[in-house]
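*Asks:* What follows is a single structure, and I will ask about it in a moment.
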Amino acid sequence: MVRFFVLCLLFLFCNQVYSQYSREKLKKVEAEVKEIMDELHVIGLSVAVVNKGEIVYQKSFGNKSIDSSNSAKKEMLCDEHIFRIASISKTFVATAILQLVENGKLNLNDHVNHFLDFKISNPNYPYIPITIKTLLSHRSSINDKLGYNSFNHINPEKGNKYQLCYNDYAPGEGYQYCNYNYTLLGAIIEKVSGERFDNYIENHITAPLGLKCSFNVDKLDSSKSY
């Protein structure tokens, strides 16, 4: 995490170097980025620096693939390549939740069971509600022990081990990073908005921002390489 923060600082410095200093100093910063990539075994990395609404620096480093079987065929990463969004999804989920809060459709202190088709409750603390806020902040007492690809794990009517989805502290009392929190928030977004999750994100966040991305692979530009 510390090294990641250092890398972010380098990108910010890169913006200053590009706008205020010589090309030689910019090359020095890029060399430092490559050194960090080598140290952390980063295969490929793309960066774009935005200043006052404009992209002032854009560059891709490293390779597209981790396949090292034939170094002669390694494809260099370029600015047009598509990246998997992974947990950056949580930023979009949180933005969508706060939009719904601003529109008066949600409250951060709402009990999540008001919006789900099944009940979730820590069996060790059944009278303490799990709220939108505790899901957002990873303080819900829920964990990913059984995975997070299905609600059947945590649904008490379908998961015979659903108790394992909860930690032994009360909601709001402890912290554990948990993907299940945001899977549940995605379901709440669909329930409250009446839109499928990927459509909501596109209609209310990415399209208004002019972002070329999607949570639906069928909507990605097939001419791009990824």
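Letters for chains follow the order of the structure tokens (A, B, ...), residue numbers begin at 1 for each chain, and ligand numbers begin at 1 in the order shown.
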For range 182-185 of chain A, please output as a VMD selection string all residues within 12 Å (counting only C-alpha atoms; exclusion window: fewer than 4 positions along the same chain).
*Replies:* chain A and resid 87 to 98 100 106 108 111 to 113 115 to 120 130 to 140 142 to 144 147 to 152 154 to 155 177 to 178 189 to 193 197
*Asks:* How would the residues just chosen look if you wrote them out with N, CA and C atoms as a compact mmCIF listing (two decimals), in the first residue's frame?
*Replies:*
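Generated file (part.txt):
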```
# COMPACT_ATOMS: atom_id res chain seq x y z
N SER A 87 -11.95 -4.09 -8.44
CA SER A 87 -12.54 -3.44 -7.26
C SER A 87 -12.72 -1.94 -7.38
N ILE A 88 -12.26 -1.35 -8.50
CA ILE A 88 -12.62 0.04 -8.73
C ILE A 88 -14.13 0.16 -8.91
N SER A 89 -14.78 -0.98 -9.15
CA SER A 89 -16.25 -1.04 -9.20
C SER A 89 -16.86 -0.42 -7.94
N LYS A 90 -16.19 -0.59 -6.82
CA LYS A 90 -16.74 -0.09 -5.55
C LYS A 90 -16.90 1.42 -5.57
N THR A 91 -16.02 2.13 -6.29
CA THR A 91 -16.17 3.58 -6.41
C THR A 91 -17.47 3.93 -7.12
N PHE A 92 -17.80 3.18 -8.16
CA PHE A 92 -19.04 3.43 -8.90
C PHE A 92 -20.26 3.05 -8.07
N VAL A 93 -20.15 1.96 -7.33
CA VAL A 93 -21.26 1.54 -6.47
C VAL A 93 -21.55 2.61 -5.42
N ALA A 94 -20.49 3.09 -4.76
CA ALA A 94 -20.67 4.11 -3.73
C ALA A 94 -21.25 5.39 -4.32
N THR A 95 -20.80 5.76 -5.52
CA THR A 95 -21.34 6.95 -6.18
C THR A 95 -22.83 6.78 -6.46
N ALA A 96 -23.21 5.60 -6.95
CA ALA A 96 -24.63 5.34 -7.24
C ALA A 96 -25.46 5.41 -5.96
N ILE A 97 -24.97 4.83 -4.87
CA ILE A 97 -25.70 4.87 -3.60
C ILE A 97 -25.89 6.31 -3.15
N LEU A 98 -24.86 7.13 -3.25
CA LEU A 98 -24.97 8.52 -2.80
C LEU A 98 -25.87 9.34 -3.73
N LEU A 100 -28.57 8.09 -5.07
CA LEU A 100 -29.90 7.71 -4.61
C LEU A 100 -30.23 8.37 -3.28
N LEU A 106 -32.91 6.86 -0.63
CA LEU A 106 -32.20 6.08 0.38
C LEU A 106 -31.73 6.99 1.50
N LEU A 108 -28.49 6.72 4.46
CA LEU A 108 -27.33 5.90 4.81
C LEU A 108 -27.59 5.04 6.05
N HIS A 111 -31.94 0.39 7.28
CA HIS A 111 -31.70 -1.05 7.45
C HIS A 111 -31.75 -1.68 6.06
N VAL A 112 -30.74 -2.45 5.70
CA VAL A 112 -30.68 -2.99 4.34
C VAL A 112 -31.81 -3.96 4.06
N ASN A 113 -32.40 -4.53 5.09
CA ASN A 113 -33.49 -5.47 4.87
C ASN A 113 -34.75 -4.80 4.32
N PHE A 115 -34.73 -3.29 1.66
CA PHE A 115 -34.57 -3.28 0.21
C PHE A 115 -34.23 -4.64 -0.40
N LEU A 116 -33.93 -5.60 0.41
CA LEU A 116 -33.55 -6.92 -0.10
C LEU A 116 -34.73 -7.89 -0.06
N ASP A 117 -34.67 -8.91 -0.90
CA ASP A 117 -35.73 -9.91 -0.96
C ASP A 117 -35.51 -11.04 0.03
N PHE A 118 -34.46 -10.95 0.81
CA PHE A 118 -34.18 -11.92 1.86
C PHE A 118 -33.57 -11.15 3.03
N LYS A 119 -33.56 -11.76 4.18
CA LYS A 119 -33.10 -11.07 5.39
C LYS A 119 -31.63 -11.37 5.66
N ILE A 120 -30.90 -10.32 6.02
CA ILE A 120 -29.54 -10.53 6.49
C ILE A 120 -29.44 -9.94 7.90
N ILE A 130 -27.96 -4.10 10.15
CA ILE A 130 -26.90 -3.83 9.18
C ILE A 130 -27.44 -2.75 8.25
N THR A 131 -26.74 -1.65 8.15
CA THR A 131 -27.24 -0.49 7.41
C THR A 131 -26.46 -0.27 6.11
N ILE A 132 -27.00 0.62 5.29
CA ILE A 132 -26.31 1.02 4.07
C ILE A 132 -24.91 1.52 4.40
N LYS A 133 -24.81 2.32 5.44
CA LYS A 133 -23.53 2.91 5.83
C LYS A 133 -22.51 1.86 6.21
N THR A 134 -22.93 0.84 6.97
CA THR A 134 -21.97 -0.17 7.39
C THR A 134 -21.53 -1.06 6.22
N LEU A 135 -22.40 -1.25 5.24
CA LEU A 135 -21.98 -1.95 4.03
C LEU A 135 -20.92 -1.13 3.29
N LEU A 136 -21.19 0.16 3.10
CA LEU A 136 -20.26 1.04 2.39
C LEU A 136 -18.88 1.09 3.04
N SER A 137 -18.86 1.08 4.35
CA SER A 137 -17.61 1.28 5.09
C SER A 137 -16.93 -0.03 5.51
N HIS A 138 -17.45 -1.16 5.04
CA HIS A 138 -16.90 -2.48 5.39
C HIS A 138 -16.94 -2.72 6.90
N ARG A 139 -17.97 -2.20 7.54
CA ARG A 139 -18.14 -2.39 8.98
C ARG A 139 -19.44 -3.13 9.29
N SER A 140 -19.90 -3.92 8.33
CA SER A 140 -21.18 -4.61 8.45
C SER A 140 -21.11 -5.88 9.29
N ILE A 142 -20.01 -8.56 7.95
CA ILE A 142 -20.11 -9.61 6.93
C ILE A 142 -18.72 -9.92 6.39
N ASN A 143 -18.48 -11.18 6.01
CA ASN A 143 -17.20 -11.56 5.42
C ASN A 143 -17.42 -12.34 4.12
N ASP A 144 -16.32 -12.64 3.44
CA ASP A 144 -16.37 -13.36 2.17
C ASP A 144 -15.99 -14.84 2.33
N GLY A 147 -17.46 -17.00 -0.12
CA GLY A 147 -17.50 -16.42 -1.45
C GLY A 147 -18.57 -15.34 -1.53
N TYR A 148 -18.67 -14.71 -2.69
CA TYR A 148 -19.65 -13.62 -2.85
C TYR A 148 -20.29 -13.65 -4.24
N ASN A 149 -20.23 -14.83 -4.86
CA ASN A 149 -20.80 -14.95 -6.21
C ASN A 149 -22.27 -15.31 -6.20
N SER A 150 -22.83 -15.53 -5.02
CA SER A 150 -24.25 -15.89 -4.93
C SER A 150 -24.82 -15.42 -3.61
N PHE A 151 -26.06 -14.93 -3.65
CA PHE A 151 -26.73 -14.54 -2.41
C PHE A 151 -27.20 -15.76 -1.61
N ASN A 152 -27.16 -16.93 -2.23
CA ASN A 152 -27.59 -18.14 -1.52
C ASN A 152 -26.72 -18.42 -0.30
N ILE A 154 -25.57 -16.31 1.90
CA ILE A 154 -25.93 -15.50 3.07
C ILE A 154 -27.43 -15.50 3.34
N ASN A 155 -28.21 -16.03 2.40
CA ASN A 155 -29.65 -16.12 2.56
C ASN A 155 -29.97 -17.25 3.55
N TYR A 177 -12.48 -5.69 5.14
CA TYR A 177 -12.76 -5.48 3.72
C TYR A 177 -13.51 -6.69 3.19
N CYS A 178 -14.63 -6.44 2.50
CA CYS A 178 -15.51 -7.54 2.13
C CYS A 178 -16.24 -7.22 0.83
N ILE A 189 -29.18 -1.09 -5.22
CA ILE A 189 -29.27 -0.10 -6.30
C ILE A 189 -30.32 -0.52 -7.31
N GLU A 190 -30.31 -1.79 -7.69
CA GLU A 190 -31.30 -2.28 -8.64
C GLU A 190 -32.72 -2.17 -8.08
N LYS A 191 -32.88 -2.55 -6.82
CA LYS A 191 -34.21 -2.55 -6.19
C LYS A 191 -34.77 -1.14 -6.12
N VAL A 192 -33.95 -0.19 -5.70
CA VAL A 192 -34.43 1.18 -5.48
C VAL A 192 -34.61 1.95 -6.78
N SER A 193 -33.69 1.74 -7.73
CA SER A 193 -33.74 2.50 -8.98
C SER A 193 -34.67 1.89 -10.01
N PHE A 197 -28.20 -3.12 -12.74
CA PHE A 197 -27.02 -2.42 -12.22
C PHE A 197 -26.17 -1.79 -13.32
```
*Asks:* Can you list every residue in range 16-215 of chain A that DSSP puts in strand (DSSP E), as number ranges by chain?
*Replies:* A: 44-51, 54-62
*Asks:* Using only C-alpha atoms for the distances, tell me which of A:Gln163, A:Gln58, A:Asn199, A:Ser46 is nearest to Gly186 in chain A.
*Replies:*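 With only C-alpha atoms as the atom set, the closest residue is A:Asn199.
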*Asks:* In Å, how far is it from CA of Asp110 in chain A to CA of Tyr175 in chain A?
*Replies:*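 Separating CA of Asp110 in chain A from CA of Tyr175 in chain A is a distance of 19.1 Å.
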*Asks:* Go through A:Val50, A:Ala86, A:Asn216, A:Asp221 and flag the residue nearest Arg196 in chain A, using only C-alpha atoms for the distances.
*Replies:*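 With only C-alpha atoms as the atom set, the closest residue is A:Asn216.
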*Asks:* Between A:Ile205, A:Val47, A:Ala170, A:Ile66, single out the one closest to Glu80 in chain A, counting only C-alpha atoms.
*Replies:*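 Checking each of A:Ile205, A:Val47, A:Ala170, A:Ile66 against Glu80 in chain A, counting only C-alpha atoms, the winner is A:Val47.
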*Asks:* What is the distance between CA of Pro123 in chain A and CA of Asn107 in chain A, in Å to one decimal?
*Replies:*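 We find that CA of Pro123 in chain A and CA of Asn107 in chain A lie 24.0 Å from each other.
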*Asks:* Nearest to Cys213 in chain A among A:Ile201, A:Val101, A:Ala48, A:Leu146, with distances taken over only C-alpha atoms: which residue is it?
*Replies:*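 Among the listed residues, A:Ile201 lies closest to Cys213 in chain A.
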